[in-house]
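Novice: Just one file: final-v5.cif, with mmCIF, C-alpha atoms.
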data_work
loop_
_atom_site.label_atom_id
_atom_site.label_comp_id
_atom_site.auth_asym_id
_atom_site.auth_seq_id
_atom_site.Cartn_x
_atom_site.Cartn_y
_atom_site.Cartn_z
CA MET H 83 -214.73 -179.40 -238.40
CA GLN H 84 -213.21 -180.56 -235.17
CA LEU H 85 -211.48 -177.19 -234.85
CA ALA H 86 -214.86 -175.44 -235.13
CA LEU H 87 -216.31 -177.84 -232.53
CA PHE H 88 -213.36 -177.17 -230.23
CA PHE H 89 -213.65 -173.41 -230.54
CA ILE H 90 -217.43 -173.32 -230.05
CA PHE H 91 -217.42 -175.47 -226.94
CA GLY H 92 -214.12 -174.14 -225.64
CA THR H 93 -215.51 -170.60 -225.82
CA LEU H 94 -218.68 -171.81 -224.10
CA ALA H 95 -216.63 -173.39 -221.31
CA VAL H 96 -214.52 -170.27 -220.78
CA ALA H 97 -217.64 -168.07 -220.85
CA GLY H 98 -219.30 -170.31 -218.25
CA ALA H 99 -216.21 -170.21 -216.04
CA LEU H 100 -215.99 -166.41 -216.29
CA ASN H 101 -219.68 -166.15 -215.47
CA LEU H 102 -219.02 -168.37 -212.43
CA LEU H 103 -216.36 -165.91 -211.35
CA LEU H 104 -218.41 -162.77 -211.96
CA GLN H 105 -221.83 -163.78 -210.58
CA ARG H 106 -222.47 -162.90 -206.98
CA HIS H 107 -225.29 -165.35 -206.29
CA PRO H 108 -224.25 -169.00 -205.63
CA ILE H 109 -227.07 -170.49 -207.70
CA ASN H 110 -225.88 -168.56 -210.78
CA SER H 111 -222.35 -169.86 -210.20
CA ALA H 112 -223.64 -173.43 -209.89
CA LEU H 113 -225.64 -173.18 -213.12
CA SER H 114 -222.67 -171.72 -215.01
CA LEU H 115 -220.61 -174.66 -213.78
CA VAL H 116 -223.20 -176.94 -215.42
CA VAL H 117 -222.53 -175.12 -218.72
CA VAL H 118 -218.78 -175.67 -218.28
CA MET H 119 -219.27 -179.37 -217.53
CA MET H 120 -221.58 -179.96 -220.49
CA SER H 121 -219.15 -178.32 -222.91
CA LEU H 122 -216.29 -180.31 -221.39
CA ALA H 123 -218.34 -183.46 -222.06
CA VAL H 124 -218.44 -182.54 -225.76
CA LEU H 125 -214.67 -181.98 -225.72
CA TYR H 126 -214.14 -185.39 -224.08
CA TRP H 127 -216.23 -186.93 -226.82
CA SER H 128 -214.14 -185.19 -229.48
CA LEU H 129 -211.02 -186.65 -227.85
CA GLY H 130 -212.41 -190.17 -228.19
CA ALA H 131 -213.49 -190.63 -224.56
CA GLU H 132 -217.16 -191.52 -225.10
CA PHE H 133 -217.54 -193.25 -221.74
CA LEU H 134 -216.16 -190.25 -219.88
CA ALA H 135 -218.38 -187.87 -221.85
CA ALA H 136 -221.43 -189.85 -220.71
CA ALA H 137 -220.10 -190.11 -217.15
CA GLN H 138 -219.40 -186.36 -217.11
CA VAL H 139 -223.01 -185.60 -218.00
CA ILE H 140 -224.50 -188.20 -215.66
CA VAL H 141 -222.21 -187.92 -212.63
CA TYR H 142 -221.02 -184.31 -212.72
CA SER H 143 -223.81 -182.29 -214.26
CA GLY H 144 -226.39 -184.76 -213.06
CA ALA H 145 -225.58 -185.97 -209.57
CA ILE H 146 -223.02 -183.56 -208.15
CA MET H 147 -224.59 -180.35 -209.44
CA VAL H 148 -228.06 -181.41 -208.28
CA LEU H 149 -226.51 -181.91 -204.85
CA PHE H 150 -225.02 -178.41 -205.00
CA VAL H 151 -228.28 -176.81 -206.12
CA PHE H 152 -230.18 -178.67 -203.39
CA VAL H 153 -227.79 -177.41 -200.71
CA ILE H 154 -227.90 -173.83 -202.03
CA MET H 155 -231.70 -173.90 -201.96
CA LEU H 156 -231.79 -175.65 -198.58
CA LEU H 157 -229.53 -173.09 -196.93
CA ASN H 158 -231.23 -170.23 -198.80
CA ALA H 159 -227.84 -168.78 -199.64
CA GLY H 160 -228.13 -165.16 -200.71
CA GLU H 161 -225.80 -162.71 -202.39
CA GLU H 162 -222.33 -162.63 -200.93
CA GLU H 163 -221.16 -159.35 -199.49
CA GLU H 164 -217.86 -157.59 -200.06
CA THR H 165 -215.56 -157.89 -197.08
CA HIS H 166 -212.04 -156.86 -196.25
CA GLY H 167 -210.86 -160.36 -197.07
CA SER H 168 -212.26 -160.23 -200.60
CA ARG H 169 -210.45 -156.97 -201.33
CA ALA H 170 -207.17 -158.55 -200.21
CA ALA H 171 -207.93 -161.60 -202.34
CA TYR H 172 -208.43 -159.43 -205.44
CA THR H 173 -204.89 -158.10 -205.16
CA VAL H 174 -203.44 -161.59 -204.73
CA GLY H 175 -205.90 -163.73 -206.69
CA ILE H 176 -205.98 -162.05 -210.09
CA PRO H 177 -202.17 -161.66 -210.51
CA GLY H 178 -201.50 -165.13 -209.09
CA ALA H 179 -204.00 -166.84 -211.37
CA THR H 180 -202.70 -164.85 -214.36
CA ALA H 181 -199.13 -165.86 -213.55
CA ILE H 182 -200.07 -169.53 -213.35
CA PHE H 183 -202.00 -169.27 -216.62
CA CYS H 184 -199.06 -167.57 -218.38
CA LEU H 185 -196.61 -170.20 -217.12
CA LEU H 186 -198.82 -173.14 -218.15
CA SER H 187 -199.74 -171.79 -221.57
CA PHE H 188 -196.12 -170.81 -222.28
CA VAL H 189 -195.03 -174.38 -221.59
CA PHE H 190 -197.86 -175.91 -223.63
CA LEU H 191 -197.51 -173.59 -226.62
CA SER H 192 -193.74 -173.85 -226.77
CA GLU H 193 -194.06 -177.65 -226.83
CA ARG H 194 -197.01 -177.76 -229.23
CA HIS H 195 -195.14 -179.54 -232.01
CA ALA H 196 -194.01 -182.32 -229.68
CA LEU H 197 -197.57 -182.65 -228.37
CA GLY H 198 -199.06 -183.35 -231.80
CA SER H 199 -202.71 -182.99 -232.71
CA ALA H 200 -205.97 -184.79 -232.09
CA ASN H 201 -208.26 -186.48 -234.60
CA ILE H 202 -211.96 -186.62 -233.98
CA GLY H 203 -213.50 -189.77 -232.57
CA GLY H 204 -211.78 -192.97 -231.51
CA TYR H 205 -208.04 -192.82 -231.22
CA LEU H 206 -207.32 -196.49 -230.74
CA ASN H 207 -207.81 -197.65 -234.34
CA ARG H 208 -207.73 -201.24 -233.24
CA GLY H 209 -211.34 -202.15 -233.87
CA VAL H 210 -212.30 -201.80 -230.21
CA ASP H 211 -214.42 -199.02 -228.85
CA ASN H 212 -213.61 -196.82 -225.94
CA ILE H 213 -215.95 -198.46 -223.43
CA ALA H 214 -214.54 -201.94 -224.14
CA GLU H 215 -211.03 -200.66 -223.62
CA VAL H 216 -211.88 -198.82 -220.38
CA SER H 217 -213.80 -201.73 -218.90
CA ALA H 218 -211.13 -204.28 -219.86
CA MET H 219 -208.54 -202.21 -218.04
CA LEU H 220 -210.84 -201.45 -215.09
CA PHE H 221 -211.98 -205.01 -214.42
CA THR H 222 -208.70 -206.84 -214.94
CA LYS H 223 -205.66 -204.80 -214.01
CA LEU H 224 -207.37 -202.26 -211.76
CA LEU H 225 -209.97 -204.45 -210.08
CA LEU H 226 -208.65 -203.85 -206.55
CA PRO H 227 -208.61 -200.00 -206.82
CA PHE H 228 -212.08 -200.17 -208.35
CA GLU H 229 -213.40 -202.12 -205.37
CA VAL H 230 -211.59 -199.80 -202.97
CA THR H 231 -213.40 -196.81 -204.51
CA SER H 232 -216.72 -198.50 -203.81
CA ILE H 233 -215.70 -198.73 -200.15
CA LEU H 234 -214.69 -195.05 -200.33
CA ILE H 235 -218.15 -194.12 -201.61
CA LEU H 236 -219.73 -196.16 -198.81
CA VAL H 237 -217.62 -194.35 -196.20
CA ALA H 238 -218.50 -191.00 -197.81
CA ILE H 239 -222.22 -191.80 -197.63
CA LEU H 240 -221.92 -192.73 -193.96
CA GLY H 241 -219.85 -189.61 -193.26
CA ALA H 242 -222.36 -187.38 -195.01
CA VAL H 243 -225.24 -188.89 -193.04
CA VAL H 244 -223.39 -188.52 -189.73
CA LEU H 245 -222.28 -184.94 -190.45
CA ALA H 246 -225.62 -183.68 -191.70
CA ARG H 247 -227.65 -185.33 -188.93
CA LYS H 248 -229.36 -183.04 -186.46
CA GLU H 249 -227.66 -182.92 -183.08
CA GLN H 250 -229.70 -184.33 -180.21
CA MET G 314 -207.16 -181.78 -236.47
CA VAL G 315 -206.84 -179.76 -233.29
CA PRO G 316 -203.42 -179.42 -231.68
CA ILE G 317 -203.33 -181.08 -228.26
CA ALA G 318 -201.77 -177.85 -226.97
CA TYR G 319 -205.09 -176.05 -227.56
CA TYR G 320 -206.89 -178.46 -225.25
CA LEU G 321 -204.16 -177.99 -222.65
CA VAL G 322 -204.33 -174.19 -222.90
CA LEU G 323 -208.12 -174.37 -222.49
CA ALA G 324 -207.58 -176.48 -219.38
CA ALA G 325 -205.04 -173.92 -218.13
CA ILE G 326 -207.59 -171.11 -218.66
CA LEU G 327 -210.27 -173.01 -216.73
CA PHE G 328 -207.81 -173.90 -213.96
CA SER G 329 -206.68 -170.28 -213.57
CA ILE G 330 -210.27 -169.04 -213.45
CA GLY G 331 -210.87 -171.70 -210.80
CA ILE G 332 -207.92 -170.44 -208.75
CA ALA G 333 -209.11 -166.83 -209.07
CA ALA G 334 -212.65 -167.79 -208.05
CA PHE G 335 -211.28 -169.84 -205.14
CA LEU G 336 -209.35 -166.84 -203.84
CA ILE G 337 -211.88 -164.09 -204.56
CA LYS G 338 -215.18 -165.70 -203.59
CA ARG G 339 -216.30 -165.39 -199.99
CA ASN G 340 -219.22 -167.81 -200.02
CA VAL G 341 -218.16 -171.28 -198.93
CA ILE G 342 -220.44 -172.99 -201.49
CA THR G 343 -218.99 -170.92 -204.34
CA ILE G 344 -215.48 -171.79 -203.17
CA PHE G 345 -216.48 -175.45 -203.29
CA ILE G 346 -217.85 -174.94 -206.83
CA SER G 347 -214.55 -173.41 -207.95
CA ILE G 348 -212.71 -176.47 -206.59
CA GLU G 349 -214.94 -178.59 -208.84
CA LEU G 350 -214.02 -176.32 -211.76
CA MET G 351 -210.32 -176.92 -211.11
CA LEU G 352 -210.90 -180.69 -210.92
CA ASN G 353 -212.66 -180.53 -214.30
CA ALA G 354 -209.78 -178.59 -215.84
CA VAL G 355 -207.29 -181.20 -214.68
CA ASN G 356 -209.56 -183.96 -216.02
CA LEU G 357 -209.43 -182.31 -219.44
CA THR G 358 -205.62 -182.47 -219.44
CA PHE G 359 -205.78 -186.14 -218.47
CA VAL G 360 -208.12 -186.95 -221.36
CA ALA G 361 -205.99 -184.92 -223.78
CA PHE G 362 -202.83 -186.75 -222.75
CA ALA G 363 -204.62 -190.09 -222.94
CA HIS G 364 -205.50 -189.22 -226.53
CA MET G 365 -201.95 -188.12 -227.24
CA TRP G 366 -200.31 -191.31 -225.94
CA HIS G 367 -203.02 -193.59 -227.41
CA GLN G 368 -203.50 -195.19 -224.02
CA VAL G 369 -206.57 -195.56 -221.89
CA GLY G 370 -204.83 -195.04 -218.55
CA GLY G 371 -205.54 -191.32 -218.46
CA GLN G 372 -209.25 -191.96 -218.92
CA ILE G 373 -209.19 -194.47 -216.06
CA PHE G 374 -207.56 -191.78 -213.94
CA VAL G 375 -210.34 -189.33 -214.82
CA PHE G 376 -212.89 -191.97 -213.87
CA PHE G 377 -211.33 -192.30 -210.42
CA VAL G 378 -211.15 -188.51 -210.07
CA MET G 379 -214.90 -188.35 -210.80
CA VAL G 380 -215.62 -191.00 -208.16
CA VAL G 381 -213.53 -189.21 -205.55
CA ALA G 382 -215.10 -185.86 -206.51
CA ALA G 383 -218.56 -187.32 -205.96
CA ALA G 384 -217.56 -188.59 -202.50
CA GLU G 385 -215.87 -185.28 -201.72
CA ALA G 386 -218.94 -183.28 -202.77
CA ALA G 387 -221.22 -185.38 -200.55
CA VAL G 388 -219.00 -185.02 -197.46
CA GLY G 389 -218.14 -181.37 -198.13
CA LEU G 390 -221.75 -180.32 -198.53
CA ALA G 391 -222.64 -182.19 -195.34
CA ILE G 392 -219.91 -180.23 -193.56
CA ILE G 393 -221.25 -176.98 -195.04
CA ILE G 394 -224.75 -177.84 -193.79
CA SER G 395 -223.50 -178.54 -190.28
CA ILE G 396 -221.41 -175.32 -190.29
CA PHE G 397 -224.45 -173.34 -191.36
CA ARG G 398 -226.51 -174.98 -188.63
CA THR G 399 -224.11 -173.94 -185.87
CA ARG G 400 -222.69 -170.64 -187.18
CA ARG G 401 -225.67 -169.29 -189.21
CA THR G 402 -223.37 -168.00 -191.94
CA LEU G 403 -221.76 -169.12 -195.19
CA ASN G 404 -219.14 -166.36 -195.31
CA VAL G 405 -215.65 -167.82 -194.93
CA ASP G 406 -214.42 -164.68 -193.18
CA GLU G 407 -216.77 -165.38 -190.29
CA ILE G 408 -215.95 -169.09 -190.06
CA ASP G 409 -212.78 -168.59 -188.05
CA LEU G 410 -213.27 -170.95 -185.13
CA MET G 411 -209.75 -172.39 -185.42
CA LYS G 412 -208.11 -168.99 -185.70
CA SER G 413 -208.74 -167.62 -182.22
#
Please render this file's structure as structure tokens.
Specialist:
Amino acid sequence: MQLALFFIFGTLAVAGALNLLLQRHPINSALSLVVVMMSLAVLYWSLGAEFLAAAQVIVYSGAIMVLFVFVIMLLNAGEEEETHGSRAAYTVGIPGATAIFCLLSFVFLSERHALGSANIGGYLNRGVDNIAEVSAMLFTKLLLPFEVTSILILVAILGAVVLARKEQ
Amino acid sequence: MVPIAYYLVLAAILFSIGIAAFLIKRNVITIFISIELMLNAVNLTFVAFAHMWHQVGGQIFVFFVMVVAAAEAAVGLAIIISIFRTRRTLNVDEIDLMKS
């Protein structure tokens, strides 16, 4: 059953990514990325990461993609045109990406017995759920990095406001 | 029972498509979107390895990647807006101020 789930949503993710690559209008690419992120959320859930599945939907496909769609609509971005640079990138991009894919999948598939396999749902089997485990780690051992990321977000907000402000 | 290798190969597929889109696309927003796709692919490998090692550290790492990606998206889109305001284009071939 988990295999069927994996193949359905894995195919959906790959189809969304290919659609991102093939569409010429930025808004179509952004919406196909939403498809990829939603199917990845299901895959996170099947790997026992319930908190991350929720965060993926809320943060990625909620916040970040809304930001992208807003900017695309604000700038009224149209179809991209073919240029000399894109023709050069075709000759480098497709073989390079294929080579990286072949290398990675060769390594993963040749080591697949050492990697083992995944059972659906929680992997901890210790009577604690995923969110309890994540928060216990995050608020005890990793409290300082967690607070530092809040400062990072603050700086990013200030930077975004300063950069996007109209020049006087 | 799904082999962990399948999840990793799926992440490799998504990452390679992200690289190809990053190199082929000429619109700066689409390039930014393909960077997000690559970040998502790497996140999937982190979650898969966290499952494999029965440890939560990989999921914490993904959490931090999400936070940094949110900050990066906010700043990057602000930069794109200010580029568009001064240069009136989103084509990366025409944004070559540092080249000349």
Novice: Put a box with edges along x, y and z around all the listed atoms of range 219-226 of chain H, pad it by 6 Å on each side, then give me its centre and sizes in Å, one decimal, as AutoDock Vina command-line options.
Specialist:
--center_x -208.8 --center_y -204.1 --center_z -212.3 --size_x 18.3 --size_y 17.4 --size_z 23.5
Novice: Listing only residues of chain G within 8 Å of chain H, what is the closest atom pair and its distance in Å (to one decimal) for each, using only C-alpha atoms, sorted by chain and residue number ascending, as JSON lines?
Specialist:
{"residue": "G:Met314", "atom": "CA", "partner": "H:Asn201", "partner_atom": "CA", "distance": 5.2}
{"residue": "G:Val315", "atom": "CA", "partner": "H:Ala200", "partner_atom": "CA", "distance": 5.2}
{"residue": "G:Pro316", "atom": "CA", "partner": "H:Ser199", "partner_atom": "CA", "distance": 3.8}
{"residue": "G:Ile317", "atom": "CA", "partner": "H:Ser199", "partner_atom": "CA", "distance": 4.9}
{"residue": "G:Ala318", "atom": "CA", "partner": "H:Arg194", "partner_atom": "CA", "distance": 5.3}
{"residue": "G:Leu321", "atom": "CA", "partner": "H:Phe190", "partner_atom": "CA", "distance": 6.7}
{"residue": "G:Val322", "atom": "CA", "partner": "H:Ser187", "partner_atom": "CA", "distance": 5.3}
{"residue": "G:Leu323", "atom": "CA", "partner": "H:Gly92", "partner_atom": "CA", "distance": 6.8}
{"residue": "G:Ala325", "atom": "CA", "partner": "H:Phe183", "partner_atom": "CA", "distance": 5.8}
{"residue": "G:Ile326", "atom": "CA", "partner": "H:Phe183", "partner_atom": "CA", "distance": 6.2}
{"residue": "G:Leu327", "atom": "CA", "partner": "H:Val96", "partner_atom": "CA", "distance": 6.5}
{"residue": "G:Phe328", "atom": "CA", "partner": "H:Phe183", "partner_atom": "CA", "distance": 7.9}
{"residue": "G:Ser329", "atom": "CA", "partner": "H:Ala179", "partner_atom": "CA", "distance": 4.9}
{"residue": "G:Ile330", "atom": "CA", "partner": "H:Ala99", "partner_atom": "CA", "distance": 6.6}
{"residue": "G:Gly331", "atom": "CA", "partner": "H:Ala99", "partner_atom": "CA", "distance": 7.6}
{"residue": "G:Ile332", "atom": "CA", "partner": "H:Ala179", "partner_atom": "CA", "distance": 5.9}
{"residue": "G:Ala333", "atom": "CA", "partner": "H:Gly175", "partner_atom": "CA", "distance": 5.1}
{"residue": "G:Ala334", "atom": "CA", "partner": "H:Leu103", "partner_atom": "CA", "distance": 5.3}
{"residue": "G:Leu336", "atom": "CA", "partner": "H:Gly175", "partner_atom": "CA", "distance": 5.4}
{"residue": "G:Ile337", "atom": "CA", "partner": "H:Ala171", "partner_atom": "CA", "distance": 5.2}
{"residue": "G:Lys338", "atom": "CA", "partner": "H:Ser168", "partner_atom": "CA", "distance": 6.9}
{"residue": "G:Arg339", "atom": "CA", "partner": "H:Ser168", "partner_atom": "CA", "distance": 6.6}
{"residue": "G:Asn340", "atom": "CA", "partner": "H:Glu162", "partner_atom": "CA", "distance": 6.1}
{"residue": "G:Ile342", "atom": "CA", "partner": "H:Pro108", "partner_atom": "CA", "distance": 6.9}
{"residue": "G:Thr343", "atom": "CA", "partner": "H:Pro108", "partner_atom": "CA", "distance": 5.7}
{"residue": "G:Ile346", "atom": "CA", "partner": "H:Ala112", "partner_atom": "CA", "distance": 6.7}
{"residue": "G:Leu350", "atom": "CA", "partner": "H:Leu115", "partner_atom": "CA", "distance": 7.1}
{"residue": "G:Asn353", "atom": "CA", "partner": "H:Met119", "partner_atom": "CA", "distance": 7.4}
{"residue": "G:Leu357", "atom": "CA", "partner": "H:Tyr126", "partner_atom": "CA", "distance": 7.3}
{"residue": "G:Val360", "atom": "CA", "partner": "H:Tyr126", "partner_atom": "CA", "distance": 6.8}
{"residue": "G:Ala361", "atom": "CA", "partner": "H:Leu129", "partner_atom": "CA", "distance": 6.7}
{"residue": "G:His364", "atom": "CA", "partner": "H:Leu129", "partner_atom": "CA", "distance": 6.2}
{"residue": "G:Met365", "atom": "CA", "partner": "H:Leu197", "partner_atom": "CA", "distance": 7.1}
{"residue": "G:His367", "atom": "CA", "partner": "H:Leu206", "partner_atom": "CA", "distance": 6.2}
{"residue": "G:Gln368", "atom": "CA", "partner": "H:Leu206", "partner_atom": "CA", "distance": 7.8}
{"residue": "G:Val369", "atom": "CA", "partner": "H:Val216", "partner_atom": "CA", "distance": 6.4}
{"residue": "G:Gln372", "atom": "CA", "partner": "H:Ala131", "partner_atom": "CA", "distance": 7.2}
{"residue": "G:Ile373", "atom": "CA", "partner": "H:Val216", "partner_atom": "CA", "distance": 6.7}
{"residue": "G:Val375", "atom": "CA", "partner": "H:Leu134", "partner_atom": "CA", "distance": 7.8}
{"residue": "G:Phe376", "atom": "CA", "partner": "H:Leu134", "partner_atom": "CA", "distance": 7.1}
{"residue": "G:Phe377", "atom": "CA", "partner": "H:Thr231", "partner_atom": "CA", "distance": 7.7}
{"residue": "G:Met379", "atom": "CA", "partner": "H:Val141", "partner_atom": "CA", "distance": 7.5}
{"residue": "G:Val380", "atom": "CA", "partner": "H:Thr231", "partner_atom": "CA", "distance": 7.2}
{"residue": "G:Val381", "atom": "CA", "partner": "H:Thr231", "partner_atom": "CA", "distance": 7.7}
{"residue": "G:Ala383", "atom": "CA", "partner": "H:Ile146", "partner_atom": "CA", "distance": 6.2}
{"residue": "G:Ala384", "atom": "CA", "partner": "H:Ala238", "partner_atom": "CA", "distance": 5.4}
{"residue": "G:Glu385", "atom": "CA", "partner": "H:Ala238", "partner_atom": "CA", "distance": 7.4}
{"residue": "G:Ala386", "atom": "CA", "partner": "H:Ile146", "partner_atom": "CA", "distance": 6.8}
{"residue": "G:Ala387", "atom": "CA", "partner": "H:Ala242", "partner_atom": "CA", "distance": 6.0}
{"residue": "G:Val388", "atom": "CA", "partner": "H:Ala242", "partner_atom": "CA", "distance": 4.8}
{"residue": "G:Gly389", "atom": "CA", "partner": "H:Ala242", "partner_atom": "CA", "distance": 8.0}
{"residue": "G:Leu390", "atom": "CA", "partner": "H:Val153", "partner_atom": "CA", "distance": 7.0}
{"residue": "G:Ala391", "atom": "CA", "partner": "H:Ala246", "partner_atom": "CA", "distance": 4.9}
{"residue": "G:Ile392", "atom": "CA", "partner": "H:Leu245", "partner_atom": "CA", "distance": 6.1}
{"residue": "G:Ile394", "atom": "CA", "partner": "H:Ala246", "partner_atom": "CA", "distance": 6.3}
{"residue": "G:Ser395", "atom": "CA", "partner": "H:Ala246", "partner_atom": "CA", "distance": 5.7}
{"residue": "G:Phe397", "atom": "CA", "partner": "H:Leu157", "partner_atom": "CA", "distance": 7.5}
{"residue": "G:Leu403", "atom": "CA", "partner": "H:Ala159", "partner_atom": "CA", "distance": 7.5}
{"residue": "G:Asn404", "atom": "CA", "partner": "H:Glu162", "partner_atom": "CA", "distance": 7.5}
{"residue": "G:Asp406", "atom": "CA", "partner": "H:Gly167", "partner_atom": "CA", "distance": 6.8}
Novice: Could you dump the residues just selected with C-alpha atoms as an mmCIF file, in the coordinates of the input?
Specialist:
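Writing the result to again_4.cif gives the following:
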data_model
loop_
_atom_site.group_PDB
_atom_site.id
_atom_site.type_symbol
_atom_site.label_atom_id
_atom_site.label_comp_id
_atom_site.auth_asym_id
_atom_site.auth_seq_id
_atom_site.Cartn_x
_atom_site.Cartn_y
_atom_site.Cartn_z
ATOM 1 C CA MET G 314 -207.160 -181.780 -236.470
ATOM 2 C CA VAL G 315 -206.840 -179.760 -233.290
ATOM 3 C CA PRO G 316 -203.420 -179.420 -231.680
ATOM 4 C CA ILE G 317 -203.330 -181.080 -228.260
ATOM 5 C CA ALA G 318 -201.770 -177.850 -226.970
ATOM 6 C CA LEU G 321 -204.160 -177.990 -222.650
ATOM 7 C CA VAL G 322 -204.330 -174.190 -222.900
ATOM 8 C CA LEU G 323 -208.120 -174.370 -222.490
ATOM 9 C CA ALA G 325 -205.040 -173.920 -218.130
ATOM 10 C CA ILE G 326 -207.590 -171.110 -218.660
ATOM 11 C CA LEU G 327 -210.270 -173.010 -216.730
ATOM 12 C CA PHE G 328 -207.810 -173.900 -213.960
ATOM 13 C CA SER G 329 -206.680 -170.280 -213.570
ATOM 14 C CA ILE G 330 -210.270 -169.040 -213.450
ATOM 15 C CA GLY G 331 -210.870 -171.700 -210.800
ATOM 16 C CA ILE G 332 -207.920 -170.440 -208.750
ATOM 17 C CA ALA G 333 -209.110 -166.830 -209.070
ATOM 18 C CA ALA G 334 -212.650 -167.790 -208.050
ATOM 19 C CA LEU G 336 -209.350 -166.840 -203.840
ATOM 20 C CA ILE G 337 -211.880 -164.090 -204.560
ATOM 21 C CA LYS G 338 -215.180 -165.700 -203.590
ATOM 22 C CA ARG G 339 -216.300 -165.390 -199.990
ATOM 23 C CA ASN G 340 -219.220 -167.810 -200.020
ATOM 24 C CA ILE G 342 -220.440 -172.990 -201.490
ATOM 25 C CA THR G 343 -218.990 -170.920 -204.340
ATOM 26 C CA ILE G 346 -217.850 -174.940 -206.830
ATOM 27 C CA LEU G 350 -214.020 -176.320 -211.760
ATOM 28 C CA ASN G 353 -212.660 -180.530 -214.300
ATOM 29 C CA LEU G 357 -209.430 -182.310 -219.440
ATOM 30 C CA VAL G 360 -208.120 -186.950 -221.360
ATOM 31 C CA ALA G 361 -205.990 -184.920 -223.780
ATOM 32 C CA HIS G 364 -205.500 -189.220 -226.530
ATOM 33 C CA MET G 365 -201.950 -188.120 -227.240
ATOM 34 C CA HIS G 367 -203.020 -193.590 -227.410
ATOM 35 C CA GLN G 368 -203.500 -195.190 -224.020
ATOM 36 C CA VAL G 369 -206.570 -195.560 -221.890
ATOM 37 C CA GLN G 372 -209.250 -191.960 -218.920
ATOM 38 C CA ILE G 373 -209.190 -194.470 -216.060
ATOM 39 C CA VAL G 375 -210.340 -189.330 -214.820
ATOM 40 C CA PHE G 376 -212.890 -191.970 -213.870
ATOM 41 C CA PHE G 377 -211.330 -192.300 -210.420
ATOM 42 C CA MET G 379 -214.900 -188.350 -210.800
ATOM 43 C CA VAL G 380 -215.620 -191.000 -208.160
ATOM 44 C CA VAL G 381 -213.530 -189.210 -205.550
ATOM 45 C CA ALA G 383 -218.560 -187.320 -205.960
ATOM 46 C CA ALA G 384 -217.560 -188.590 -202.500
ATOM 47 C CA GLU G 385 -215.870 -185.280 -201.720
ATOM 48 C CA ALA G 386 -218.940 -183.280 -202.770
ATOM 49 C CA ALA G 387 -221.220 -185.380 -200.550
ATOM 50 C CA VAL G 388 -219.000 -185.020 -197.460
ATOM 51 C CA GLY G 389 -218.140 -181.370 -198.130
ATOM 52 C CA LEU G 390 -221.750 -180.320 -198.530
ATOM 53 C CA ALA G 391 -222.640 -182.190 -195.340
ATOM 54 C CA ILE G 392 -219.910 -180.230 -193.560
ATOM 55 C CA ILE G 394 -224.750 -177.840 -193.790
ATOM 56 C CA SER G 395 -223.500 -178.540 -190.280
ATOM 57 C CA PHE G 397 -224.450 -173.340 -191.360
ATOM 58 C CA LEU G 403 -221.760 -169.120 -195.190
ATOM 59 C CA ASN G 404 -219.140 -166.360 -195.310
ATOM 60 C CA ASP G 406 -214.420 -164.680 -193.180
#
Novice: What does the distance from CA of Ser114 in chain H to CA of Glu349 in chain G come to in Å, to one decimal?
Specialist: 12.0 Å
Novice: Separation of CA of Trp366 in chain G and CA of Phe221 in chain H, in Å?
Specialist: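 Those two atoms sit 21.4 Å apart.
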Novice: To one decimal place, how far is CA of Val139 in chain H from CA of Ser121 in chain H in Å?
Specialist: 9.6 Å
Novice: Near Phe335 in chain G, counting all atoms listed in the file, which residues have an atom at most 8 Å away, once you skip same-chain residues fewer than 5 positions from it, shown as an mmCIF file with C-alpha atoms, in the frame of the given file?
Specialist:
data_model
loop_
_atom_site.group_PDB
_atom_site.id
_atom_site.type_symbol
_atom_site.label_atom_id
_atom_site.label_comp_id
_atom_site.auth_asym_id
_atom_site.auth_seq_id
_atom_site.Cartn_x
_atom_site.Cartn_y
_atom_site.Cartn_z
ATOM 1 C CA THR G 343 -218.990 -170.920 -204.340
ATOM 2 C CA ILE G 344 -215.480 -171.790 -203.170
ATOM 3 C CA PHE G 345 -216.480 -175.450 -203.290
ATOM 4 C CA SER G 347 -214.550 -173.410 -207.950
ATOM 5 C CA ILE G 348 -212.710 -176.470 -206.590
#
